[in-house]
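Structure file protein24.txt; described as compact mmCIF, C-alpha atoms.
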```
# COMPACT_ATOMS: atom_id res chain seq x y z
CA MET A 1 7.91 36.98 27.73
CA GLU A 2 8.13 40.39 29.34
CA ASN A 3 10.92 41.57 27.02
CA LEU A 4 8.87 40.83 23.90
CA THR A 5 6.94 43.64 22.30
CA ASP A 6 3.31 43.16 21.34
CA GLU A 7 4.47 43.11 17.72
CA ASN A 8 6.94 40.31 18.51
CA LYS A 9 4.22 38.31 20.28
CA ARG A 10 1.84 38.76 17.34
CA SER A 11 4.58 37.64 14.97
CA ILE A 12 5.25 34.52 17.05
CA ILE A 13 1.55 33.62 17.16
CA ASN A 14 1.14 34.24 13.42
CA GLY A 15 4.12 31.99 12.62
CA PHE A 16 2.77 29.33 14.95
CA LEU A 17 -0.69 29.45 13.32
CA ARG A 18 0.84 29.47 9.83
CA ASN A 19 2.55 26.19 10.78
CA MET A 20 -0.84 24.89 11.97
CA LEU A 21 -2.19 25.53 8.47
CA GLY A 22 0.08 22.77 7.17
CA ILE A 23 -1.16 20.39 9.86
CA ALA A 24 -4.76 21.24 8.99
CA ASP A 25 -4.44 20.81 5.20
CA LYS A 26 -4.27 17.27 3.78
CA GLU A 27 -3.84 18.51 0.20
CA TYR A 28 -0.79 20.50 1.31
CA GLN A 29 0.61 17.46 3.12
CA ASN A 30 0.23 15.23 0.06
CA ARG A 31 1.69 17.87 -2.26
CA ILE A 32 4.59 19.02 -0.07
CA TRP A 33 5.40 16.38 2.54
CA ILE A 34 4.89 13.33 0.34
CA LYS A 35 5.33 14.40 -3.29
CA GLY A 36 7.69 17.37 -2.68
CA GLU A 37 6.04 19.35 -5.48
CA GLY A 38 6.47 22.80 -3.94
CA PRO A 39 6.65 25.69 -4.30
CA GLU A 40 6.85 25.43 -0.50
CA CYS A 41 9.76 23.60 1.06
CA ASP A 42 8.59 21.75 4.16
CA ASP A 43 8.33 18.28 5.62
CA PHE A 44 6.61 16.58 8.53
CA ASP A 45 9.72 16.63 10.75
CA GLU A 46 10.18 20.37 10.26
CA THR A 47 6.50 21.00 10.98
CA VAL A 48 6.71 18.96 14.19
CA CYS A 49 9.90 20.74 15.33
CA ASP A 50 8.40 24.16 14.59
CA PHE A 51 5.18 23.30 16.43
CA PHE A 52 6.83 21.99 19.57
CA GLY A 53 9.49 24.70 19.47
CA ASP A 54 6.83 27.36 20.03
CA SER A 55 3.87 25.58 21.60
CA ASP A 56 5.13 25.06 25.15
CA SER A 57 5.97 28.73 25.63
CA ILE A 58 2.75 29.91 24.00
CA ILE A 59 0.60 27.54 26.06
CA LYS A 60 2.40 28.37 29.31
CA ASN A 61 2.26 32.14 28.71
CA TYR A 62 -1.02 32.27 26.80
CA LYS A 63 -2.31 35.36 28.61
CA ASP A 64 0.82 37.29 27.58
CA PHE A 65 -0.02 36.44 23.97
CA GLY A 66 -3.63 37.64 24.25
CA ILE A 67 -5.02 34.12 23.90
CA THR A 68 -8.47 33.49 25.35
CA GLU A 69 -9.32 30.65 27.75
CA HIS A 70 -11.20 28.85 24.95
CA GLN A 71 -8.27 29.14 22.54
CA HIS A 72 -5.91 28.01 25.30
CA LEU A 73 -7.96 24.89 26.05
CA LEU A 74 -8.10 23.96 22.36
CA LEU A 75 -4.33 24.46 22.02
CA LYS A 76 -3.63 22.29 25.07
CA LYS A 77 -5.95 19.55 23.78
CA PHE A 78 -4.32 19.65 20.34
CA HIS A 79 -0.81 19.72 21.84
CA THR A 80 -1.47 16.58 23.89
CA SER A 81 -3.01 14.67 20.97
CA PHE A 82 -0.37 15.78 18.47
CA LYS A 83 2.47 14.88 20.84
CA ARG A 84 1.05 11.39 21.38
CA PHE A 85 0.54 10.97 17.63
CA CYS A 86 4.08 12.09 16.79
CA HIS A 87 5.63 9.65 19.25
CA GLU A 88 3.95 6.79 17.42
CA ASN A 89 4.18 8.00 13.80
CA ASN A 90 7.04 9.33 11.68
CA TYR A 91 6.27 8.87 8.00
CA PRO A 92 3.39 10.81 6.43
CA GLU A 93 3.04 8.33 3.59
CA GLU A 94 2.19 5.69 6.21
CA PHE A 95 -0.30 7.70 8.28
CA ILE A 96 -1.83 10.34 6.03
CA ASP A 97 -4.94 8.29 5.26
CA THR A 98 -5.54 6.97 8.78
CA PRO A 99 -8.49 7.95 10.97
CA GLU A 100 -6.03 9.03 13.67
CA TRP A 101 -4.40 11.57 11.35
CA ASN A 102 -7.78 12.75 10.15
CA ASN A 103 -8.60 13.47 13.80
CA ILE A 104 -5.38 15.54 14.12
CA ILE A 105 -6.30 17.49 10.97
CA ASN A 106 -9.79 18.19 12.35
CA MET A 107 -8.38 19.35 15.68
CA ALA A 108 -5.91 21.66 13.91
CA GLN A 109 -8.76 23.12 11.87
CA GLU A 110 -10.72 23.69 15.08
CA VAL A 111 -7.77 25.61 16.56
CA LEU A 112 -7.49 27.76 13.42
CA ILE A 113 -11.21 28.53 13.55
CA ALA A 114 -10.95 29.53 17.22
CA PHE A 115 -8.17 31.98 16.28
CA ASN A 116 -10.10 33.18 13.23
CA TYR A 117 -6.98 32.32 11.23
CA GLN A 118 -7.39 31.53 7.55
CA LYS A 119 -5.01 30.83 4.72
CA ASP A 120 -6.01 34.10 3.03
CA SER A 121 -5.69 36.38 6.04
CA ARG A 122 -2.24 35.18 7.21
CA SER A 123 -2.80 36.87 10.54
CA PHE A 124 -4.52 36.22 13.81
CA SER A 125 -6.95 38.78 15.13
```

For the file at hand, write its structure as structure tokens.
Amino acid sequence: MENLTDENKRSIINGFLRNMLGIADKEYQNRIWIKGEGPECDDFDETVCDFFGDSDSIIKNYKDFGITEHQHLLLKKFHTSFKRFCHENNYPEEFIDTPEWNNIINMAQEVLIAFNYQKDSRSFS
């Protein structure tokens, strides 16, 4: 992490949180993951790969990314729950209306709130 500039770190966090927006938005999931209506091009597998591709490093090095203890705890809690969920579920059309997925959506929204990250702002402050 030491060879990353602050700008690089901010970019990584913003991309990570932008991915979380998809996890936190059921309308998006129905429109993109299930119906493929666009204009975005995304699917559940890509979202999962993107999340886990960045999350371990961000969680491990959270202080380097300027993440608070509270944000870190929420990320770790979400990471554990999402990982467990993904091991048991693969097809959005089968899980999107389940209480378990609704819990994942709510946890993702909680993370976004903790980072003060909103669809309109597109950046973490």

Any chance you could tabulate, as a tab-separated table, the residues of segment 93-116 of chain A at most 7 Å from segment 57-79 of chain A with each one's nearest atom pair and distance in Å to one decimal, using only C-alpha atoms, in chain and rising number order?
```
residue	atom	partner	partner_atom	distance
A:Met107	CA	A:Phe78	CA	6.2
A:Ala108	CA	A:Phe78	CA	6.9
A:Val111	CA	A:Leu74	CA	6.0
A:Ala114	CA	A:Gln71	CA	6.0
A:Phe115	CA	A:Gln71	CA	6.9
```

Only C-alpha atoms, please: the residues just picked out, written as a PDB file, in the frame of the given file.
```
ATOM      1  CA  MET A 107      -8.380  19.350  15.680  1.00  0.00           C
ATOM      2  CA  ALA A 108      -5.910  21.660  13.910  1.00  0.00           C
ATOM      3  CA  VAL A 111      -7.770  25.610  16.560  1.00  0.00           C
ATOM      4  CA  ALA A 114     -10.950  29.530  17.220  1.00  0.00           C
ATOM      5  CA  PHE A 115      -8.170  31.980  16.280  1.00  0.00           C
TER       6      PHE A 115
END
```

Practice task
Could you give me, as a PyMOL selection string, the residues within 9 Å of Leu112 of chain A, counting only C-alpha atoms and dropping anything in the same chain fewer than 2 positions from it?
Solution key: chain A and resi 17+20-21+24+107-110+114-118+124

Practice task
Please provide the set of residues having any atom within 12 Å of Ile12 of chain A, restricted to all atoms listed in the file, with same-chain residues fewer than 2 positions apart removed, written as a list in words.
Solution key: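 So, after excluding close chain neighbours, the residues are Met1, Leu4, Thr5, Asp6, Glu7, Asn8, Lys9, Arg10, Asn14, Gly15, Phe16, Leu17, Arg18, Asn19, Asp50, Phe51, Gly53, Asp54, Ser55, Ser57, Ile58, Tyr62, Asp64, Phe65, Gly66, Ser123 and Phe124 of chain A.
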
Practice task
Rounded to one decimal place, report the atom CA of Thr80 of chain A-atom CA of Lys26 of chain A distance in Å.
Solution key: 20.3 Å

Exercise for the section: Name the closest residue to Asp45 of chain A among the candidates A:Thr98, A:Asn103, A:Asn89, A:Ser81; distances are taken between atoms, counting only C-alpha atoms. Expected result: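 Of A:Thr98, A:Asn103, A:Asn89, A:Ser81, the one nearest Asp45 of chain A is A:Asn89, counting only C-alpha atoms.
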
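From atom CA of Phe44 of chain A back to atom CA of Tyr91 of chain A, the distance works out to 7.7 Å.
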
Problem - Counting only C-alpha atoms, the option among A:Gly38, A:Asp43, A:Phe52, A:Glu27 closest to Pro92 of chain A - result: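 Of the candidates, the smallest distance to Pro92 of chain A is held by A:Asp43.
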
Problem - Separation of atom CA of Phe82 of chain A from atom CA of Pro99 of chain A in Å - result: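 That distance, rounded to one decimal, is 13.5 Å.
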
Exercise for the section: Check the smallest atom-to-atom distance from each of A:Val48, A:Ile34, A:Asp42, A:Ser11 to Phe95 of chain A using all atoms listed in the file, then report the winner. Expected result: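 Checking each candidate against Phe95 of chain A, we get A:Ile34 as the closest.
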